[in-house]
$ cat data_13.csv   # CSV, C-alpha atoms
chain,number,residue,atom,x,y,z
B,711,MET,CA,-28.2,-21.0,-39.2
B,712,ASN,CA,-25.4,-20.0,-41.6
B,713,LYS,CA,-22.1,-18.4,-40.6
B,714,ASN,CA,-23.2,-14.8,-41.6
B,715,THR,CA,-26.4,-15.1,-39.5
B,716,MET,CA,-24.5,-16.5,-36.6
B,717,ARG,CA,-22.0,-13.7,-36.8
B,718,LYS,CA,-24.8,-11.1,-36.7
B,719,PHE,CA,-26.5,-12.9,-33.8
B,720,PHE,CA,-23.2,-12.9,-31.9
B,721,VAL,CA,-22.7,-9.2,-32.5
B,722,LEU,CA,-26.2,-8.5,-31.3
B,723,ILE,CA,-25.7,-10.5,-28.1
B,724,VAL,CA,-22.4,-8.8,-27.4
B,725,GLY,CA,-24.0,-5.4,-27.9
B,726,MET,CA,-27.0,-6.2,-25.6
B,727,ALA,CA,-24.6,-7.5,-23.0
B,728,ALA,CA,-22.6,-4.2,-23.1
B,729,VAL,CA,-25.8,-2.2,-22.7
B,730,ILE,CA,-26.9,-4.3,-19.8
B,731,ALA,CA,-23.5,-4.0,-18.2
B,732,SER,CA,-23.4,-0.3,-18.6
B,733,GLN,CA,-26.9,0.0,-17.0
B,734,ALA,CA,-26.0,-2.4,-14.2
B,735,ALA,CA,-22.7,-0.6,-13.4
B,736,PRO,CA,-23.1,3.2,-13.6
B,737,ARG,CA,-20.0,5.3,-13.4
B,738,HIS,CA,-18.4,5.8,-10.0
B,739,TRP,CA,-19.1,9.3,-8.6
B,740,LYS,CA,-15.4,10.1,-8.7
B,741,ALA,CA,-15.3,9.3,-12.4
B,742,ILE,CA,-18.1,11.7,-12.9
B,743,LEU,CA,-16.3,14.5,-11.0
B,744,ARG,CA,-13.3,13.9,-13.1
B,745,GLU,CA,-15.2,14.3,-16.4
B,746,THR,CA,-13.4,16.6,-18.9
B,747,ASP,CA,-15.8,16.6,-21.9
B,748,PRO,CA,-16.8,20.3,-22.4
B,749,GLU,CA,-20.2,19.2,-23.8
B,750,PHE,CA,-21.1,17.4,-20.6
B,751,PHE,CA,-20.7,20.6,-18.6
B,752,LYS,CA,-23.4,22.2,-20.7
B,753,THR,CA,-26.0,19.7,-19.6
B,754,GLU,CA,-28.6,20.0,-16.9
B,755,GLU,CA,-27.0,17.0,-15.1
B,756,ALA,CA,-23.7,18.9,-14.8
B,757,THR,CA,-25.4,22.0,-13.4
B,758,MET,CA,-27.4,19.8,-10.9
B,759,ILE,CA,-24.1,18.3,-9.7
B,760,GLY,CA,-22.5,21.7,-9.5
B,761,ASP,CA,-25.3,23.0,-7.3
B,762,ASN,CA,-25.0,19.9,-5.2
B,763,LEU,CA,-21.3,20.6,-4.7
B,764,LEU,CA,-22.1,24.1,-3.6
B,765,LEU,CA,-24.6,22.7,-1.1
B,766,PHE,CA,-22.2,20.2,0.3
B,767,GLN,CA,-19.4,22.8,0.5
B,768,ARG,CA,-18.8,23.7,4.1
B,769,GLU,CA,-18.7,27.3,5.3
B,770,THR,CA,-14.9,26.7,5.7
B,771,GLY,CA,-14.7,26.5,1.9
B,772,GLY,CA,-13.7,22.8,1.8
B,773,TRP,CA,-15.5,19.5,1.5
B,774,GLN,CA,-15.7,16.2,3.4
B,775,LYS,CA,-14.3,13.0,1.9
B,776,ASN,CA,-15.7,9.8,0.5
B,777,THR,CA,-19.1,11.3,-0.2
B,778,ASP,CA,-21.1,10.9,-3.4
B,779,MET,CA,-22.4,14.4,-4.4
B,780,THR,CA,-23.5,13.6,-7.9
B,781,TYR,CA,-27.1,12.3,-7.5
B,782,GLU,CA,-30.3,14.2,-7.4
B,783,LEU,CA,-31.1,15.0,-3.8
B,784,THR,CA,-34.6,14.8,-2.3
B,785,PRO,CA,-35.9,17.8,-0.3
B,786,VAL,CA,-35.2,15.9,3.0
B,787,GLN,CA,-31.6,15.1,1.8
B,788,ARG,CA,-31.0,18.7,0.9
B,789,ASP,CA,-32.1,19.9,4.3
B,790,SER,CA,-29.8,17.4,6.0
B,791,VAL,CA,-26.8,18.4,3.9
B,792,ALA,CA,-27.5,22.1,4.5
B,793,SER,CA,-27.7,21.5,8.3
B,794,ASP,CA,-24.0,20.4,8.2
B,795,LYS,CA,-22.6,23.4,6.3
B,796,SER,CA,-21.2,25.0,9.5
B,797,ARG,CA,-19.2,21.9,10.5
B,798,ARG,CA,-15.5,22.7,10.9
B,799,ASP,CA,-14.1,19.2,11.6
B,800,ASP,CA,-14.6,17.4,8.4
B,801,SER,CA,-13.2,19.7,5.6
B,802,THR,CA,-10.2,17.9,4.2
B,803,ILE,CA,-7.7,17.2,1.4
B,804,ASP,CA,-7.7,13.5,2.1
B,805,ASN,CA,-8.8,11.0,-0.6
B,806,ASP,CA,-9.1,13.7,-3.3
B,807,ALA,CA,-11.5,15.8,-1.3
B,808,THR,CA,-11.8,19.5,-2.1
B,809,THR,CA,-9.5,19.4,-5.1
B,810,ILE,CA,-11.8,17.1,-7.1
B,811,GLN,CA,-14.8,19.3,-6.4
B,812,MET,CA,-12.8,22.4,-7.4
B,813,ASN,CA,-11.9,20.9,-10.8
B,814,PHE,CA,-15.5,20.2,-11.5
B,815,LEU,CA,-16.6,23.7,-10.6
B,816,ALA,CA,-13.9,25.2,-12.7
B,817,ARG,CA,-15.0,23.3,-15.8
B,818,LEU,CA,-18.6,24.1,-15.1
B,819,TYR,CA,-17.8,27.8,-14.9
B,820,VAL,CA,-15.8,27.7,-18.1
B,821,ALA,CA,-18.7,26.1,-19.9
B,822,ASN,CA,-21.5,28.3,-18.5
B,823,LYS,CA,-20.0,31.4,-16.8
B,824,GLU,CA,-22.4,31.0,-13.9
B,825,VAL,CA,-20.9,33.3,-11.2
B,826,ARG,CA,-21.9,31.0,-8.3
B,827,PHE,CA,-19.6,28.3,-9.5
B,828,LYS,CA,-16.7,30.7,-9.8
B,829,GLU,CA,-17.4,32.0,-6.3
B,830,GLY,CA,-17.5,28.4,-4.9
B,831,PHE,CA,-14.2,27.7,-6.6
B,832,ASN,CA,-12.5,30.8,-5.1
B,833,ASN,CA,-14.0,30.1,-1.7
B,834,ALA,CA,-12.3,26.7,-1.9
B,835,LEU,CA,-9.0,28.4,-2.9
B,836,GLU,CA,-9.2,30.5,0.3
B,837,TYR,CA,-9.8,27.4,2.3
B,838,LEU,CA,-6.7,25.7,0.9
B,839,LEU,CA,-4.6,28.8,1.5
B,840,SER,CA,-5.9,29.1,5.1
B,841,GLY,CA,-4.7,25.7,6.0
B,842,GLN,CA,-1.0,26.0,5.0
B,843,TYR,CA,1.5,26.0,7.9
B,844,GLU,CA,4.1,28.7,8.0
B,845,ASN,CA,6.6,26.0,7.1
B,846,GLY,CA,4.7,25.3,3.8
B,847,GLY,CA,3.0,22.1,4.7
B,848,TRP,CA,-0.7,21.3,5.1
B,849,PRO,CA,-2.5,19.1,7.7
B,850,GLN,CA,-5.0,16.5,6.7
B,851,PHE,CA,-8.1,18.3,8.1
B,852,TRP,CA,-8.7,21.8,9.2
B,853,PRO,CA,-9.7,24.2,10.7
B,854,ASP,CA,-10.6,21.8,13.5
B,855,ASN,CA,-8.4,18.7,13.7
B,856,GLU,CA,-7.0,16.2,16.2
B,857,GLY,CA,-4.4,13.5,16.6
B,858,TYR,CA,-2.5,12.6,13.5
B,859,GLN,CA,-4.7,14.9,11.4
B,860,VAL,CA,-2.3,17.8,12.3
B,861,HIS,CA,0.7,16.1,10.6
B,862,ILE,CA,2.1,17.4,7.3
B,863,THR,CA,0.1,15.0,5.1
B,864,PHE,CA,1.5,13.5,1.9
B,865,ASN,CA,-0.7,10.4,2.3
B,866,ASP,CA,-3.0,9.7,-0.7
B,867,ASP,CA,-1.3,12.6,-2.5
B,868,ALA,CA,-3.0,15.2,-0.4
B,869,ILE,CA,-0.3,17.9,-0.6
B,870,SER,CA,0.8,16.8,-4.1
B,871,ASN,CA,-2.8,17.4,-5.3
B,872,ILE,CA,-2.8,20.9,-3.9
B,873,LEU,CA,0.6,21.8,-5.5
B,874,LYS,CA,-0.4,20.4,-8.9
B,875,LEU,CA,-3.7,22.4,-8.7
B,876,PHE,CA,-1.9,25.6,-7.8
B,877,ASP,CA,0.7,25.1,-10.5
B,878,ASP,CA,-2.0,24.6,-13.1
B,879,ILE,CA,-3.8,27.7,-12.0
B,880,ILE,CA,-0.6,29.8,-11.9
B,881,ASN,CA,0.1,28.8,-15.4
B,882,GLY,CA,-3.4,29.2,-16.7
B,883,ARG,CA,-3.8,25.6,-17.8
B,884,GLU,CA,-7.2,24.3,-18.8
B,885,PRO,CA,-9.7,24.6,-17.1
B,886,TYR,CA,-8.1,27.3,-15.0
B,887,GLN,CA,-7.7,29.9,-17.7
B,888,GLY,CA,-9.5,33.2,-18.2
B,889,GLU,CA,-11.0,35.2,-15.4
B,890,LEU,CA,-11.7,32.3,-13.1
B,891,VAL,CA,-8.9,33.5,-10.9
B,892,ASP,CA,-7.5,37.1,-10.8
B,893,ASP,CA,-3.9,38.1,-10.8
B,894,ASP,CA,-3.8,38.8,-7.1
B,895,MET,CA,-4.9,35.3,-6.3
B,896,ARG,CA,-2.3,33.8,-8.8
B,897,ALA,CA,0.4,35.7,-6.9
B,898,ARG,CA,-0.8,34.3,-3.6
B,899,LEU,CA,-0.8,30.8,-5.1
B,900,LYS,CA,2.7,31.2,-6.4
B,901,ASP,CA,3.9,32.2,-2.9
B,902,SER,CA,2.0,29.2,-1.4
B,903,PHE,CA,3.4,26.8,-4.1
B,904,ASP,CA,7.0,28.0,-3.4
B,905,ARG,CA,6.6,27.4,0.4
B,906,GLY,CA,5.1,24.0,-0.3
B,907,ILE,CA,8.2,23.0,-2.2
B,908,GLU,CA,10.4,24.3,0.7
B,909,CYS,CA,8.4,22.0,2.9
B,910,ILE,CA,9.0,19.0,0.6
B,911,LEU,CA,12.7,19.7,0.6
B,912,ALA,CA,12.7,20.1,4.4
B,913,THR,CA,10.9,16.8,5.1
B,914,GLN,CA,12.8,14.6,2.7
B,915,ILE,CA,14.4,11.8,4.8
B,916,MET,CA,18.2,12.0,4.9
B,917,VAL,CA,20.3,8.8,5.3
B,918,ASN,CA,24.0,9.3,5.9
B,919,GLY,CA,23.7,12.9,4.5
B,920,GLU,CA,21.9,11.7,1.3
B,921,PRO,CA,18.3,12.5,0.3
B,922,THR,CA,16.0,9.5,-0.1
B,923,VAL,CA,12.2,9.7,-0.1
B,924,TRP,CA,9.3,10.7,2.2
B,925,CYS,CA,7.0,9.3,4.8
B,926,GLN,CA,3.2,9.5,4.3
B,927,GLN,CA,3.1,12.1,7.0
B,928,HIS,CA,5.7,14.2,8.9
B,929,ASP,CA,5.5,16.0,12.2
B,930,HIS,CA,4.5,19.6,11.5
B,931,VAL,CA,7.0,20.9,14.0
B,932,THR,CA,10.1,18.6,13.8
B,933,TYR,CA,9.6,17.4,10.2
B,934,GLU,CA,10.3,13.8,11.4
B,935,PRO,CA,8.4,10.8,9.9
B,936,ALA,CA,5.2,10.3,11.9
B,937,SER,CA,2.5,7.7,12.5
B,938,ALA,CA,-1.1,8.0,11.4
B,939,ARG,CA,-3.5,5.1,11.6
B,940,THR,CA,-2.2,2.1,13.6
B,941,TYR,CA,-1.1,0.3,10.4
B,942,GLU,CA,0.6,3.5,9.0
B,943,LEU,CA,3.9,3.6,10.8
B,944,PRO,CA,6.9,6.0,10.3
B,945,SER,CA,8.6,4.6,7.2
B,946,PHE,CA,10.0,5.2,3.8
B,947,CYS,CA,6.9,5.4,1.6
B,948,SER,CA,7.1,4.7,-2.1
B,949,GLN,CA,3.6,5.5,-3.4
B,950,GLU,CA,3.3,9.0,-2.0
B,951,SER,CA,7.0,9.8,-2.7
B,952,ALA,CA,6.4,9.1,-6.4
B,953,ALA,CA,3.7,11.8,-6.5
B,954,ILE,CA,6.0,14.2,-4.7
B,955,VAL,CA,8.8,13.6,-7.2
B,956,GLU,CA,6.4,14.2,-10.1
B,957,VAL,CA,5.7,17.6,-8.6
B,958,LEU,CA,9.4,18.4,-8.4
B,959,LEU,CA,10.0,17.2,-12.0
B,960,GLY,CA,7.5,19.9,-13.1
B,961,ILE,CA,9.5,22.8,-11.6
B,962,PRO,CA,11.1,24.9,-14.4
B,963,ASN,CA,14.7,25.9,-14.0
B,964,PRO,CA,15.2,23.8,-10.8
B,965,ASP,CA,17.9,24.9,-8.3
B,966,GLN,CA,20.5,22.6,-7.0
B,967,ARG,CA,18.4,21.6,-3.9
B,968,VAL,CA,15.5,20.5,-6.1
B,969,ARG,CA,17.9,18.6,-8.5
B,970,ARG,CA,19.5,16.9,-5.5
B,971,ALA,CA,16.2,15.9,-4.1
B,972,ILE,CA,15.0,14.4,-7.4
B,973,HIS,CA,18.3,12.5,-8.0
B,974,GLY,CA,18.2,11.2,-4.4
B,975,ALA,CA,14.7,9.9,-4.6
B,976,MET,CA,15.2,8.3,-8.0
B,977,LYS,CA,18.3,6.5,-6.7
B,978,TRP,CA,16.2,5.2,-3.8
B,979,PHE,CA,13.5,4.0,-6.1
B,980,ASP,CA,16.1,2.1,-8.1
B,981,ASP,CA,17.9,0.7,-5.1
B,982,TYR,CA,14.7,-0.7,-3.5
B,983,LYS,CA,12.5,-1.9,-6.3
B,984,LEU,CA,11.3,-5.5,-6.0
B,985,GLU,CA,12.0,-7.6,-9.0
B,986,GLY,CA,10.9,-11.1,-10.0
B,987,ILE,CA,7.6,-11.0,-8.0
B,988,ALA,CA,4.0,-10.0,-8.8
B,989,LEU,CA,0.9,-9.3,-6.8
B,990,GLU,CA,-1.6,-12.1,-7.5
B,991,ARG,CA,-5.3,-12.0,-6.7
B,992,THR,CA,-7.4,-15.2,-6.7
B,993,GLY,CA,-11.1,-15.7,-6.5
B,994,ARG,CA,-13.6,-12.9,-6.0
B,995,ARG,CA,-14.1,-10.7,-3.0
B,996,GLY,CA,-16.3,-12.4,-0.5
B,997,ASP,CA,-15.6,-15.9,-1.8
B,998,PRO,CA,-13.8,-18.4,0.4
B,999,ASP,CA,-10.9,-18.7,-2.1
B,1000,TYR,CA,-10.4,-14.9,-2.4
B,1001,ASP,CA,-6.8,-14.0,-1.6
B,1002,VAL,CA,-4.0,-11.6,-2.5
B,1003,ARG,CA,-0.4,-12.6,-2.3
B,1004,LEU,CA,3.1,-12.1,-3.7
B,1005,VAL,CA,4.2,-14.8,-6.1
B,1006,GLU,CA,7.5,-15.4,-8.0
B,1007,GLN,CA,7.3,-14.1,-11.6
B,1008,PRO,CA,10.7,-13.5,-13.2
B,1009,SER,CA,9.3,-11.6,-16.2
B,1010,SER,CA,7.2,-9.2,-14.1
B,1011,GLU,CA,7.7,-5.5,-14.0
B,1012,PRO,CA,9.2,-4.0,-10.8
B,1013,LEU,CA,7.1,-3.5,-7.8
B,1014,TRP,CA,7.7,-1.4,-4.7
B,1015,ALA,CA,6.3,-2.0,-1.2
B,1016,ARG,CA,4.3,0.9,0.1
B,1017,PHE,CA,6.3,0.9,3.3
B,1018,TYR,CA,10.0,0.3,4.2
B,1019,ASP,CA,11.2,0.4,7.7
B,1020,LEU,CA,13.4,3.3,8.7
B,1021,GLU,CA,16.1,1.2,10.3
B,1022,ASN,CA,17.0,-1.4,7.6
B,1023,CYS,CA,14.8,-0.2,4.7
B,1024,LYS,CA,13.0,-3.6,4.6
B,1025,PRO,CA,9.5,-3.9,3.2
B,1026,PHE,CA,6.7,-4.5,5.7
B,1027,VAL,CA,3.0,-4.8,6.0
B,1028,CYS,CA,0.9,-4.1,9.1
B,1029,ASP,CA,-2.4,-4.9,10.7
B,1030,ARG,CA,-4.5,-2.8,13.0
B,1031,ASP,CA,-2.4,-4.0,15.9
B,1032,GLY,CA,0.4,-1.8,14.7
B,1033,ILE,CA,3.0,-4.7,14.5
B,1034,PRO,CA,5.0,-4.7,11.3
B,1035,ARG,CA,5.3,-8.0,9.5
B,1036,GLU,CA,7.2,-9.3,6.5
B,1037,ARG,CA,4.4,-11.1,4.5
B,1038,LEU,CA,0.8,-10.4,3.5
B,1039,ASP,CA,-0.3,-13.8,4.9
B,1040,GLN,CA,0.8,-12.7,8.3
B,1041,ILE,CA,-1.9,-10.0,8.6
B,1042,GLY,CA,-5.7,-10.4,8.7
B,1043,THR,CA,-7.9,-10.4,5.7
B,1044,GLU,CA,-9.5,-7.1,6.5
B,1045,ARG,CA,-6.2,-5.2,6.1
B,1046,ARG,CA,-4.7,-7.6,3.6
B,1047,PHE,CA,-7.5,-6.9,1.1
B,1048,GLY,CA,-8.4,-3.4,2.2
B,1049,TYR,CA,-5.1,-1.5,1.6
B,1050,SER,CA,-2.6,-1.0,-1.2
B,1051,TRP,CA,0.5,-2.6,0.2
B,1052,TYR,CA,2.4,-2.8,-3.1
B,1053,ASN,CA,2.4,-0.6,-6.2
B,1054,ASN,CA,4.3,0.2,-9.4
B,1055,ARG,CA,3.8,3.9,-9.3
B,1056,PRO,CA,7.5,4.9,-9.3
B,1057,ALA,CA,7.9,3.1,-12.6
B,1058,GLY,CA,6.0,5.9,-14.3
B,1059,LEU,CA,8.7,8.3,-13.2
B,1060,TYR,CA,11.5,6.9,-15.2
B,1061,PRO,CA,10.6,8.3,-18.6
B,1062,LEU,CA,9.8,11.6,-17.0
B,1063,TYR,CA,13.1,11.6,-15.2
B,1064,GLU,CA,15.0,10.9,-18.4
B,1065,ALA,CA,13.2,13.7,-20.2
B,1066,TRP,CA,13.9,16.0,-17.2
B,1067,LYS,CA,17.6,15.2,-17.2
B,1068,SER,CA,17.8,15.9,-20.9
B,1069,ALA,CA,15.9,19.2,-20.6
B,1070,ASN,CA,18.1,20.4,-17.6
B,1071,GLY,CA,21.5,19.3,-18.9
B,1072,GLU,CA,21.9,16.5,-16.5
$ encode --input "data_13.csv" --output "structure tokens"
Amino acid sequence: MNKNTMRKFFVLIVGMAAVIASQAAPRHWKAILRETDPEFFKTEEATMIGDNLLLFQRETGGWQKNTDMTYELTPVQRDSVASDKSRRDDSTIDNDATTIQMNFLARLYVANKEVRFKEGFNNALEYLLSGQYENGGWPQFWPDNEGYQVHITFNDDAISNILKLFDDIINGREPYQGELVDDDMRARLKDSFDRGIECILATQIMVNGEPTVWCQQHDHVTYEPASARTYELPSFCSQESAAIVEVLLGIPNPDQRVRRAIHGAMKWFDDYKLEGIALERTGRRGDPDYDVRLVEQPSSEPLWARFYDLENCKPFVCDRDGIPRERLDQIGTERRFGYSWYNNRPAGLYPLYEAWKSANGE
């Protein structure tokens, strides 16, 4: 076999492998709901998914979390989904729920002008507005909730996702342009957005009179950092705080309170970044040698622990026993592998921050 033939054979094998891989690993349902290609929303598949979303949508106007709604349902499945529409205890903004379905419905309406998708979207807006506390925050679940679900919830970007959505709608950004939302609703969203920012400013953790960052959740009455699940303790939280700062950076003509909040948070990120270490994974999930650990790596980009204790601002990890520990190898494999303990999300803020300072004469 000559070199040219070998090259063609190699290309053929690679191409076949890619096809097999694509067939063996279909897109995750969240990736489908995040689709942005206008042509996709003109397909029968997109319409089928949109009708599924309307079927899964609770009478509250919201959706439950962690549920694939993108496959073709059998009649039995459709009946089962429909029987849960009146539930009031599982509508949520956790784990991208509700906002991700709304984005899909908006794009579907723009592509097809089918009124049912517009109505579903606006019912969801009413749901989001109905859950906002007078102080501007949102709980994790509503209208029926319990325990830590009542806290003002920044965890997994819950409130940040709402505020970014509202800001996009208020400003008519794609796909929220046109008559999808009327002027009266945009005015209501603007009021809601402003109150949401007030809540963010009120909950920012102050240390010696200086603003720092936020906890994953805050008490909805006292604004104090609060616990959620047993391994989610009151703390300075880097990951969700980065999303909050991104929202603040998008506010035009920020007042001094917003400026101070941004500067304080960015100083905190800079003060508590972890340098010279990297997160290393070995083996494959399920294998005996599978592990995740921090290792020394002088050339690595900065990392941040997800949690820092409120007393000494030291990074910690935590198992389901609720006891904070210093190292990943001190907690069990279930939580060590099943949670994001370290992240580099604040790093993405630095270029945004520099551009913001330049634009605002800082």
$ closest_residue --input "data_13.csv" --among "B:Pro885, B:Gly830, B:Pro944, B:Pro1056" --to "B:Leu764" --atoms "all atoms listed in the file"
B:Gly830
$ residues_around --input "data_13.csv" --residues "B:Ile987" --least-positions-apart "5" --cutoff "9 Å" --atoms "all atoms listed in the file" --output "PDB file with C-alpha atoms, in the frame of the given file"
ATOM      1  CA  LEU B1004       3.100 -12.100  -3.700  1.00  0.00           C
ATOM      2  CA  VAL B1005       4.200 -14.800  -6.100  1.00  0.00           C
ATOM      3  CA  GLU B1006       7.500 -15.400  -8.000  1.00  0.00           C
ATOM      4  CA  GLN B1007       7.300 -14.100 -11.600  1.00  0.00           C
ATOM      5  CA  PRO B1008      10.700 -13.500 -13.200  1.00  0.00           C
ATOM      6  CA  SER B1009       9.300 -11.600 -16.200  1.00  0.00           C
ATOM      7  CA  SER B1010       7.200  -9.200 -14.100  1.00  0.00           C
ATOM      8  CA  GLU B1011       7.700  -5.500 -14.000  1.00  0.00           C
ATOM      9  CA  PRO B1012       9.200  -4.000 -10.800  1.00  0.00           C
ATOM     10  CA  LEU B1013       7.100  -3.500  -7.800  1.00  0.00           C
TER      11      LEU B1013
END
$ residues_near_point --input "data_13.csv" --point "(-9.8, 16.9, 11.7)" --cutoff "12 Å" --atoms "only C-alpha atoms" --output "ChimeraX atom specification"
/B:773-775,797-804,841,849-861
$ residues_near_point --input "data_13.csv" --point "(1.7, 28.6, -6.6)" --cutoff "6 Å" --atoms "all atoms listed in the file" --output "PyMOL selection string"
chain B and resi 876-877+880+899-903
$ closest_residue --input "data_13.csv" --among "B:Asp761, B:Glu754, B:Asp965, B:Asp794" --to "B:Leu911" --atoms "only C-alpha atoms"
B:Asp965
$ atom_distance --input "data_13.csv" --atom1 "atom CA of B:Asn1053" --atom2 "atom CA of B:Arg1003"
12.9 Å
$ closest_residue --input "data_13.csv" --among "B:Glu884, B:Asp893, B:Glu985, B:Asp866" --to "B:Ser1050" --atoms "all atoms listed in the file"
B:Asp866
$ decode --input "data_13.csv" --residues "stretch 975-982 of chain B" --atoms "all heavy atoms" --output "compact mmCIF listing (two decimals), in the first residue's frame"
# COMPACT_ATOMS: atom_id res chain seq x y z
N ALA B 975 -15.56 43.08 45.21
CA ALA B 975 -15.56 41.67 44.82
C ALA B 975 -14.30 41.33 44.03
O ALA B 975 -13.66 40.28 44.27
CB ALA B 975 -16.80 41.35 43.99
N MET B 976 -13.90 42.20 43.11
CA MET B 976 -12.70 41.92 42.32
C MET B 976 -11.45 41.92 43.19
O MET B 976 -10.52 41.12 42.96
CB MET B 976 -12.57 42.93 41.18
CG MET B 976 -13.66 42.82 40.12
SD MET B 976 -13.78 41.18 39.34
CE MET B 976 -12.16 41.03 38.56
N LYS B 977 -11.39 42.78 44.18
CA LYS B 977 -10.26 42.76 45.11
C LYS B 977 -10.23 41.44 45.87
O LYS B 977 -9.16 40.84 46.06
CB LYS B 977 -10.34 43.93 46.09
CG LYS B 977 -9.16 44.00 47.06
CD LYS B 977 -9.27 45.17 48.00
CE LYS B 977 -8.02 45.29 48.88
NZ LYS B 977 -7.73 44.06 49.65
N TRP B 978 -11.40 40.97 46.29
CA TRP B 978 -11.48 39.70 47.01
C TRP B 978 -10.99 38.56 46.12
O TRP B 978 -10.21 37.71 46.56
CB TRP B 978 -12.91 39.44 47.48
CG TRP B 978 -13.02 38.23 48.37
CD1 TRP B 978 -12.98 38.21 49.73
CD2 TRP B 978 -13.17 36.87 47.96
NE1 TRP B 978 -13.09 36.93 50.20
CE2 TRP B 978 -13.21 36.08 49.13
CE3 TRP B 978 -13.27 36.24 46.73
CZ2 TRP B 978 -13.35 34.70 49.10
CZ3 TRP B 978 -13.40 34.85 46.68
CH2 TRP B 978 -13.44 34.09 47.86
N PHE B 979 -11.45 38.52 44.86
CA PHE B 979 -10.99 37.47 43.95
C PHE B 979 -9.46 37.49 43.82
O PHE B 979 -8.82 36.44 43.80
CB PHE B 979 -11.62 37.65 42.56
CG PHE B 979 -13.08 37.31 42.49
CD1 PHE B 979 -13.97 38.17 41.85
CD2 PHE B 979 -13.57 36.15 43.05
CE1 PHE B 979 -15.32 37.87 41.78
CE2 PHE B 979 -14.92 35.83 42.98
CZ PHE B 979 -15.79 36.69 42.35
N ASP B 980 -8.91 38.68 43.73
CA ASP B 980 -7.47 38.78 43.57
C ASP B 980 -6.74 38.37 44.84
O ASP B 980 -5.69 37.71 44.79
CB ASP B 980 -7.09 40.21 43.19
CG ASP B 980 -5.81 40.28 42.38
OD1 ASP B 980 -5.66 39.50 41.43
OD2 ASP B 980 -4.95 41.10 42.71
N ASP B 981 -7.28 38.72 45.98
CA ASP B 981 -6.63 38.39 47.25
C ASP B 981 -6.65 36.89 47.54
O ASP B 981 -5.73 36.38 48.19
CB ASP B 981 -7.32 39.13 48.41
CG ASP B 981 -7.02 40.62 48.43
OD1 ASP B 981 -6.07 41.04 47.75
OD2 ASP B 981 -7.76 41.35 49.12
N TYR B 982 -7.68 36.19 47.09
CA TYR B 982 -7.86 34.80 47.50
C TYR B 982 -7.76 33.78 46.37
O TYR B 982 -8.20 32.65 46.51
CB TYR B 982 -9.18 34.66 48.27
CG TYR B 982 -9.14 35.41 49.56
CD1 TYR B 982 -9.73 36.67 49.69
CD2 TYR B 982 -8.43 34.90 50.65
CE1 TYR B 982 -9.65 37.38 50.88
CE2 TYR B 982 -8.34 35.60 51.84
CZ TYR B 982 -8.95 36.84 51.94
OH TYR B 982 -8.85 37.54 53.13
